[in-house]
$ cat structure_11.txt   # compact mmCIF, C-alpha atoms
# COMPACT_ATOMS: atom_id res chain seq x y z
CA MET B 413 88.36 114.15 74.58
CA CYS B 414 90.61 116.44 76.60
CA PHE B 415 89.78 119.26 78.98
CA GLY B 416 91.97 121.75 80.80
CA PHE B 417 91.56 121.29 84.54
CA GLU B 418 94.16 123.27 86.46
CA SER B 419 92.06 123.53 89.63
CA PHE B 420 91.57 119.77 89.60
CA VAL B 421 95.35 119.31 89.29
CA GLU B 422 95.84 121.45 92.40
CA TYR B 423 93.46 119.09 94.21
CA LEU B 424 95.47 116.06 93.05
CA LEU B 425 98.69 117.60 94.36
CA ASP B 426 97.29 118.74 97.69
CA ASP B 427 98.65 116.51 100.46
CA SER B 428 98.07 118.95 103.30
CA GLY B 429 94.91 117.27 104.55
CA PRO B 430 93.02 113.97 104.59
CA PHE B 431 92.24 111.93 101.48
CA LEU B 432 88.90 113.34 100.33
CA LEU B 433 87.05 112.54 97.12
CA PRO B 434 85.20 115.41 95.42
CA VAL B 435 81.52 115.85 96.11
CA SER B 436 79.58 114.62 93.09
CA VAL B 437 76.87 116.90 91.71
CA SER B 438 75.42 113.79 90.03
CA ASN B 439 75.34 111.81 93.30
CA GLU B 440 77.65 109.16 91.83
CA ASP B 441 79.85 107.37 94.34
CA ALA B 442 83.14 105.76 93.28
CA LEU B 443 82.73 103.28 96.15
CA PRO B 444 78.98 102.60 96.25
CA ASN B 445 79.27 99.61 98.57
CA ARG B 446 80.87 101.54 101.39
CA VAL B 447 79.16 101.10 104.74
CA HIS B 448 78.36 104.45 106.29
CA ASN B 449 77.90 104.45 110.07
CA PRO B 450 76.32 107.76 111.09
CA TYR B 451 77.06 107.10 114.75
CA GLU B 452 80.78 106.73 114.10
CA GLU B 453 80.75 109.80 111.88
CA GLU B 454 79.05 111.81 114.63
CA ASP B 455 81.53 110.55 117.21
CA TYR B 456 84.40 111.62 114.98
CA GLN B 457 83.31 115.24 114.90
CA VAL B 458 85.03 117.58 117.34
CA SER B 459 82.55 118.81 119.91
CA GLU B 460 82.33 122.50 120.66
CA GLY B 461 84.63 123.66 123.43
CA SER B 462 86.81 120.58 123.29
CA GLY B 463 89.93 122.71 122.95
CA ASP B 464 90.62 121.52 119.42
CA GLU B 465 89.43 124.32 117.19
CA ALA B 466 90.57 122.73 113.92
CA GLU B 467 87.79 122.80 111.37
CA PRO B 468 87.11 119.53 109.56
CA SER B 469 88.17 119.59 105.92
CA SER B 470 85.39 120.04 103.39
CA PRO B 471 85.54 117.87 100.27
CA PRO B 472 86.09 119.84 97.05
CA SER B 473 83.69 119.98 94.14
CA PHE B 474 84.26 120.45 90.41
CA PRO B 475 80.74 120.68 88.94
CA GLU B 476 81.67 122.03 85.50
CA LEU B 477 84.43 119.47 84.98
CA GLU B 478 82.22 116.67 86.25
CA LEU B 479 79.39 117.52 83.86
CA LYS B 480 81.79 117.74 80.90
CA ILE B 481 83.25 114.37 81.84
CA LYS B 482 79.81 112.84 82.26
CA GLU B 483 78.83 114.06 78.79
CA SER B 484 82.03 112.63 77.32
CA ILE B 485 81.57 109.26 79.03
CA GLU B 486 78.06 108.99 77.60
CA SER B 487 79.33 109.87 74.10
CA LEU B 488 82.01 107.17 74.38
CA GLY B 489 79.57 104.40 75.18
CA GLY B 490 79.28 104.71 78.96
CA ALA B 491 82.75 103.53 80.03
CA VAL B 492 86.23 105.03 79.61
CA PHE B 493 89.75 104.81 80.95
CA PRO B 494 91.56 108.02 81.92
CA LYS B 495 95.10 109.30 81.51
CA LEU B 496 96.88 112.60 81.94
CA ASN B 497 99.27 114.17 79.42
CA TRP B 498 101.38 110.99 79.28
CA SER B 499 100.48 108.53 82.00
CA ALA B 500 97.51 106.42 83.03
CA PRO B 501 96.95 105.62 86.73
CA LYS B 502 97.71 101.91 86.33
CA ASP B 503 99.30 101.73 89.77
CA SER B 504 95.98 102.56 91.43
CA ALA B 505 93.76 100.08 89.53
CA TRP B 506 93.74 97.93 92.68
CA ILE B 507 91.57 100.47 94.48
CA SER B 508 88.72 100.49 91.94
CA THR B 509 85.71 98.24 92.41
CA SER B 510 86.58 96.34 89.21
CA GLY B 511 90.34 96.18 89.72
CA THR B 512 90.81 97.87 86.32
CA LEU B 513 90.97 101.40 84.89
CA ARG B 514 87.38 101.16 83.68
CA CYS B 515 85.45 104.26 84.80
CA THR B 516 81.79 105.14 84.35
CA SER B 517 81.70 108.35 86.38
CA PHE B 518 83.75 111.38 87.40
CA SER B 519 83.98 110.02 90.95
CA GLU B 520 85.68 106.84 89.76
CA ILE B 521 88.14 108.86 87.68
CA ALA B 522 88.93 111.11 90.64
CA LEU B 523 89.51 108.06 92.87
CA LEU B 524 92.03 106.55 90.44
CA LEU B 525 93.90 109.80 89.80
CA ARG B 526 93.99 110.83 93.47
CA SER B 527 95.32 107.39 94.47
CA SER B 528 98.08 107.19 91.86
CA ASP B 529 101.73 107.80 92.67
CA SER B 530 102.89 107.35 89.08
CA LEU B 531 100.93 110.41 87.93
CA ILE B 532 103.23 112.57 90.04
CA HIS B 533 105.66 112.13 87.14
CA ASP B 534 103.28 114.00 84.82
CA LEU B 535 102.40 116.61 87.41
CA CYS B 536 105.83 117.41 88.84
CA HIS B 537 108.66 115.58 87.06
CA ALA B 538 107.69 115.46 83.40
CA TYR B 539 110.96 116.97 82.18
CA ASP B 540 113.43 115.57 84.70
CA SER B 541 115.16 113.40 82.09
CA CYS B 542 115.54 116.24 79.58
CA GLY B 543 119.03 117.74 79.41
CA ASP B 544 117.74 121.07 78.13
CA LYS B 545 114.72 121.41 80.37
CA THR B 546 113.58 124.91 81.30
CA LEU B 547 110.38 123.88 83.10
CA SER B 548 109.70 121.38 85.83
CA ARG B 549 106.14 120.72 84.68
CA PRO B 550 103.97 121.28 81.60
CA GLN B 551 102.34 124.67 81.27
CA SER B 552 98.93 123.03 80.97
CA PHE B 553 97.44 119.67 81.80
CA PHE B 554 94.83 117.62 80.03
CA LEU B 555 92.63 114.73 81.04
CA ALA B 556 92.20 112.30 78.16
CA LEU B 557 89.26 109.90 78.21
CA ARG B 558 89.42 106.88 75.95
CA LYS B 559 86.61 104.51 75.09
CA TRP B 560 86.75 101.32 77.11
CA TYR B 561 86.77 98.18 74.98
CA PRO B 562 86.03 95.14 77.18
CA SER B 563 86.77 92.75 74.30
CA LEU B 564 90.43 93.78 73.92
CA ARG B 565 92.79 90.90 74.58
CA PRO B 566 95.78 91.99 76.69
CA GLU B 567 98.10 89.45 75.07
CA MET B 568 97.76 91.23 71.71
CA GLU B 569 99.15 94.55 72.94
CA PHE B 570 102.84 95.23 72.28
CA ARG B 571 105.36 97.97 72.99
CA CYS B 572 107.70 98.96 70.18
CA PHE B 573 111.07 100.65 70.79
CA VAL B 574 112.48 103.02 68.18
CA ARG B 575 116.10 104.22 68.31
CA GLY B 576 117.63 106.37 65.60
CA GLN B 577 114.35 106.05 63.68
CA GLY B 578 114.83 102.29 63.52
CA LEU B 579 112.73 99.63 65.23
CA VAL B 580 115.11 97.91 67.67
CA GLY B 581 112.73 95.97 69.90
CA ILE B 582 109.17 94.73 70.39
CA SER B 583 107.91 93.48 73.76
CA GLN B 584 104.73 91.86 74.95
CA ARG B 585 102.94 94.60 76.88
CA GLU B 586 101.29 92.41 79.53
CA VAL B 587 104.31 90.76 81.13
CA THR B 588 102.57 89.36 84.20
CA THR B 589 100.94 86.47 82.33
CA PHE B 590 102.06 83.64 80.04
CA TYR B 591 99.94 83.25 76.90
CA PRO B 592 100.80 79.96 75.12
CA ALA B 593 99.02 81.04 71.92
CA LEU B 594 101.60 83.81 71.40
CA LEU B 595 104.33 81.23 70.88
CA GLU B 596 102.67 80.03 67.68
CA LYS B 597 101.95 83.56 66.43
CA LYS B 598 105.28 85.16 67.32
CA ASN B 599 106.89 85.14 63.86
CA ASP B 600 103.75 86.36 62.10
CA LEU B 601 103.24 89.12 64.67
CA GLU B 602 106.81 90.32 64.23
CA VAL B 603 106.33 90.63 60.47
CA LEU B 604 103.00 92.46 60.89
CA ILE B 605 104.38 95.00 63.36
CA GLN B 606 107.61 95.57 61.44
CA GLU B 607 105.67 96.23 58.20
CA PHE B 608 103.27 98.54 60.01
CA PHE B 609 106.18 100.55 61.42
CA ASP B 610 107.93 100.80 58.04
CA ASN B 611 104.77 101.83 56.18
CA ASN B 612 102.97 104.03 58.72
CA VAL B 613 105.23 105.26 61.52
CA ARG B 614 108.89 105.53 60.53
CA HIS B 615 108.51 108.51 58.15
CA ASN B 616 105.52 110.13 59.86
CA PHE B 617 106.85 110.62 63.40
CA GLU B 618 109.54 113.28 63.78
CA SER B 619 111.33 112.04 66.90
CA GLU B 620 114.36 109.80 66.49
CA ASN B 621 114.01 107.94 69.79
CA TYR B 622 110.62 106.95 71.21
CA THR B 623 108.30 104.07 72.01
CA PHE B 624 104.80 103.32 70.85
CA ASP B 625 102.18 100.75 71.83
CA VAL B 626 100.13 98.82 69.30
CA TYR B 627 97.25 96.37 69.34
CA VAL B 628 96.84 93.57 66.81
CA THR B 629 93.21 92.77 66.00
CA ASN B 630 91.69 89.40 65.16
CA ASP B 631 91.89 90.23 61.44
CA GLU B 632 95.61 91.10 61.78
CA GLN B 633 95.20 94.86 61.65
CA VAL B 634 97.75 96.83 63.68
CA LYS B 635 96.34 99.78 65.63
CA ILE B 636 98.36 102.45 67.44
CA LEU B 637 97.41 102.90 71.09
CA ASP B 638 99.94 105.39 72.39
CA PHE B 639 103.36 107.04 72.05
CA ASN B 640 105.86 107.48 74.90
CA PRO B 641 109.37 108.94 75.28
CA TRP B 642 112.48 106.79 75.10
CA GLY B 643 113.90 105.89 78.51
CA ALA B 644 113.11 107.81 81.67
CA PHE B 645 109.79 106.68 83.14
CA THR B 646 108.72 104.51 80.20
CA LEU B 647 108.84 100.82 81.15
CA PRO B 648 111.16 98.70 78.96
CA LEU B 649 109.12 95.61 79.96
CA LEU B 650 110.97 92.44 78.81
CA PHE B 651 114.09 94.46 77.91
CA ASN B 652 116.36 96.88 79.69
CA TRP B 653 117.51 100.11 78.07
CA GLU B 654 121.10 98.94 77.68
CA GLU B 655 119.95 95.93 75.65
CA LEU B 656 117.86 98.13 73.38
CA GLU B 657 120.74 100.52 72.76
CA HIS B 658 122.96 97.55 71.93
CA ASN B 659 120.38 96.37 69.38
CA GLU B 660 120.68 99.74 67.65
CA GLU B 661 124.46 99.48 67.49
CA ALA B 662 124.18 95.95 66.07
CA ASN B 663 121.50 97.03 63.59
CA GLY B 664 119.26 94.34 65.01
CA MET B 665 115.66 94.03 66.09
CA GLU B 666 114.44 91.61 68.75
CA PHE B 667 110.89 90.52 69.55
CA ARG B 668 110.34 89.25 73.10
CA ILE B 669 107.32 87.57 74.65
CA VAL B 670 106.81 85.66 77.89
CA GLU B 671 107.66 82.15 76.70
CA SER B 672 106.89 80.14 79.85
CA GLN B 673 105.08 80.43 83.16
CA CYS B 674 108.46 80.78 84.87
CA ALA B 675 109.28 83.87 82.80
CA VAL B 676 106.40 86.08 83.96
CA ARG B 677 107.43 89.31 85.61
CA PRO B 678 105.90 91.39 88.37
CA GLY B 679 104.09 94.39 86.99
CA LEU B 680 101.91 97.32 87.94
CA LYS B 681 99.11 94.96 88.96
CA THR B 682 101.06 94.46 92.20
CA ALA B 683 101.23 98.21 92.82
CA VAL B 684 99.40 98.25 96.12
CA PRO B 685 100.49 100.38 99.07
CA TYR B 686 103.69 99.15 100.69
CA ASP B 687 101.89 98.86 104.01
CA TYR B 688 99.73 96.12 102.48
CA LEU B 689 102.80 94.03 101.67
CA ASP B 690 105.23 94.85 104.47
CA THR B 691 105.10 92.21 107.21
CA SER B 692 108.50 92.93 108.77
CA GLN B 693 108.92 93.51 112.49
CA GLY B 694 107.39 96.82 113.52
CA SER B 695 105.26 97.13 110.38
CA GLY B 696 101.54 97.81 110.44
CA TRP B 697 100.74 94.16 109.74
CA ASP B 698 103.15 93.01 112.44
CA GLN B 699 101.49 95.25 115.01
CA PHE B 700 98.03 94.17 113.87
CA LEU B 701 98.90 90.48 114.21
CA ARG B 702 100.47 91.07 117.64
CA ASN B 703 97.35 92.88 118.85
CA ALA B 704 95.12 90.13 117.45
CA ASP B 705 97.22 87.46 119.16
CA GLU B 706 97.08 89.31 122.49
CA GLU B 707 93.32 89.65 122.24
CA LEU B 708 92.99 85.95 121.43
CA GLN B 709 95.13 85.01 124.42
CA GLN B 710 92.98 87.19 126.68
CA GLN B 711 89.84 85.48 125.41
CA ILE B 712 91.41 82.07 126.05
CA ARG B 713 92.44 83.04 129.60
CA SER B 714 89.14 84.74 130.43
CA PRO B 715 87.10 81.56 131.27
CA GLU B 716 90.00 80.27 133.39
CA ALA B 717 90.04 83.51 135.32
CA GLY B 718 86.31 83.27 135.82
CA GLY B 719 86.69 79.67 137.13
$ encode --input "structure_11.txt" --output "structure tokens"
Amino acid sequence: MCFGFESFVEYLLDDSGPFLLPVSVSNEDALPNRVHNPYEEEDYQVSEGSGDEAEPSSPPSFPELELKIKESIESLGGAVFPKLNWSAPKDSAWISTSGTLRCTSFSEIALLLRSSDSLIHDLCHAYDSCGDKTLSRPQSFFLALRKWYPSLRPEMEFRCFVRGQGLVGISQREVTTFYPALLEKKNDLEVLIQEFFDNNVRHNFESENYTFDVYVTNDEQVKILDFNPWGAFTLPLLFNWEELEHNEEANGMEFRIVESQCAVRPGLKTAVPYDYLDTSQGSGWDQFLRNADEELQQQIRSPEAGG
């Protein structure tokens, strides 16, 4: 289900203050295991007459949106994954308690969306790759909630690339893992997906150039998951865009999967903040390790000083 939520979008774009999650009218916390220290929270508050008159930021609240989302989550079986007009916040899955896009409450959805950098594309740069663009952003935004299926196998999801209304490439969607079983099924999967495209997509989708994601079930049924634009911010996965355009010129179609452990590629699962990964001189980690080493040396010297 989709709901207009312009005020919520303004909250997502607001970078003028601290990172605050909305107050939940249902008392549902996206991070239920957080340790709250009331003494530290009291110490953080600015005392009266301190000279700093800045008022602490108040967390926002979206009660109507939250209740609509709660109702939708319940109707979809109790768990969903969210996306905006085009994109899902896959780059912020690391921050959720499950490490996935699985959400059971409005607070968890807000945490994922507020933490995602990739969603800025939808919010601010949706039409940057369009030569005839007249707007910088869509006139309205929608939050789409999809039923979460825990039994879906990631190795059976594929991205299909269509150029000039012809299927020019198919790529394994989950490129961060090697699945040996795909090697045996590759030829059969290619036939299934090609037939599905010819019979169900080619003459029913107006665009000439686009991509779409499919899922192949255990009984060899092909299900459409999503459509995305050609190029721009859509990931080509095991291809690059030049290769796909060459396939069109050669009237060819290529199906690629990860065929060995050495062929896996980094993906959005590694999309953690740069500060978490940067260990160069002067970085946050470098300073932390230096401080820890200094403190250790002081502890080592302390008994000697006392002697």
$ atom_distance --input "structure_11.txt" --atom1 "atom CA of B:Lys559" --atom2 "atom CA of B:Val634"
17.7 Å
$ atom_distance --input "structure_11.txt" --atom1 "atom CA of B:Ser436" --atom2 "atom CA of B:Ser519"
6.7 Å
$ closest_residue --input "structure_11.txt" --among "B:Asp544, B:Asp426, B:Glu418, B:Glu476" --to "B:Leu496" --atoms "all atoms listed in the file"
B:Glu418
$ axis_aligned_box --input "structure_11.txt" --around "stretch 627-646 of chain B" --padding-each-side "5 Å" --output "JSON"
{"center_x": 102.8, "center_y": 99.2, "center_z": 72.3, "size_x": 32.2, "size_y": 29.5, "size_z": 31.7}
$ residues_near_point --input "structure_11.txt" --point "(112.3, 115.6, 86.6)" --cutoff "6 Å" --atoms "all atoms listed in the file" --output "PyMOL selection string"
chain B and resi 537-541
$ closest_residue --input "structure_11.txt" --among "B:Glu567, B:Glu486, B:Val437, B:Ser530" --to "B:Lys502" --atoms "all atoms listed in the file"
B:Ser530
$ residues_around --input "structure_11.txt" --residues "B:Leu513" --least-positions-apart "5" --cutoff "12 Å" --atoms "all atoms listed in the file" --output "list in words"
Ala491, Val492, Phe493, Pro494, Lys495, Ala500, Pro501, Lys502, Asp503, Ser504, Ala505, Trp506, Ile507, Ser508, Glu520, Ile521, Ala522, Leu523, Leu524, Leu525, Ser528, Leu557, Arg558, Lys559, Trp560, Tyr561, Pro562 and Lys681 of chain B
$ write_last_selection --input "structure_11.txt" --atoms "C-alpha atoms" --output "CSV table (one decimal), in the frame of the given file"
chain,number,residue,atom,x,y,z
B,491,ALA,CA,82.8,103.5,80.0
B,492,VAL,CA,86.2,105.0,79.6
B,493,PHE,CA,89.8,104.8,81.0
B,494,PRO,CA,91.6,108.0,81.9
B,495,LYS,CA,95.1,109.3,81.5
B,500,ALA,CA,97.5,106.4,83.0
B,501,PRO,CA,97.0,105.6,86.7
B,502,LYS,CA,97.7,101.9,86.3
B,503,ASP,CA,99.3,101.7,89.8
B,504,SER,CA,96.0,102.6,91.4
B,505,ALA,CA,93.8,100.1,89.5
B,506,TRP,CA,93.7,97.9,92.7
B,507,ILE,CA,91.6,100.5,94.5
B,508,SER,CA,88.7,100.5,91.9
B,520,GLU,CA,85.7,106.8,89.8
B,521,ILE,CA,88.1,108.9,87.7
B,522,ALA,CA,88.9,111.1,90.6
B,523,LEU,CA,89.5,108.1,92.9
B,524,LEU,CA,92.0,106.6,90.4
B,525,LEU,CA,93.9,109.8,89.8
B,528,SER,CA,98.1,107.2,91.9
B,557,LEU,CA,89.3,109.9,78.2
B,558,ARG,CA,89.4,106.9,76.0
B,559,LYS,CA,86.6,104.5,75.1
B,560,TRP,CA,86.8,101.3,77.1
B,561,TYR,CA,86.8,98.2,75.0
B,562,PRO,CA,86.0,95.1,77.2
B,681,LYS,CA,99.1,95.0,89.0
$ atom_distance --input "structure_11.txt" --atom1 "atom CA of B:Ser619" --atom2 "atom CA of B:Ala644"
15.5 Å
$ closest_residue --input "structure_11.txt" --among "B:Phe474, B:Phe518, B:Phe645, B:Phe608" --to "B:Gln633" --atoms "all atoms listed in the file"
B:Phe608
$ closest_residue --input "structure_11.txt" --among "B:Cys542, B:Cys674, B:Ala556, B:Cys572" --to "B:Phe639" --atoms "all atoms listed in the file"
B:Cys572
$ residues_around --input "structure_11.txt" --residues "B:Glu671" --least-positions-apart "4" --cutoff "12 Å" --atoms "all atoms listed in the file" --output "list in words"
Ser583, Gln584, Val587, Thr588, Thr589, Phe590, Tyr591, Pro592, Ala593, Leu594, Leu595, Glu596, Lys597, Lys598, Leu650, Phe667, Ala675, Val676 and Arg677 of chain B
$ closest_residue --input "structure_11.txt" --among "B:Val580, B:Ala442, B:Leu425, B:Val670" --to "B:Arg514" --atoms "only C-alpha atoms"
B:Ala442
$ closest_residue --input "structure_11.txt" --among "B:Ser419, B:Gln711, B:Asn703, B:Gln551" --to "B:Pro472" --atoms "all atoms listed in the file"
B:Ser419
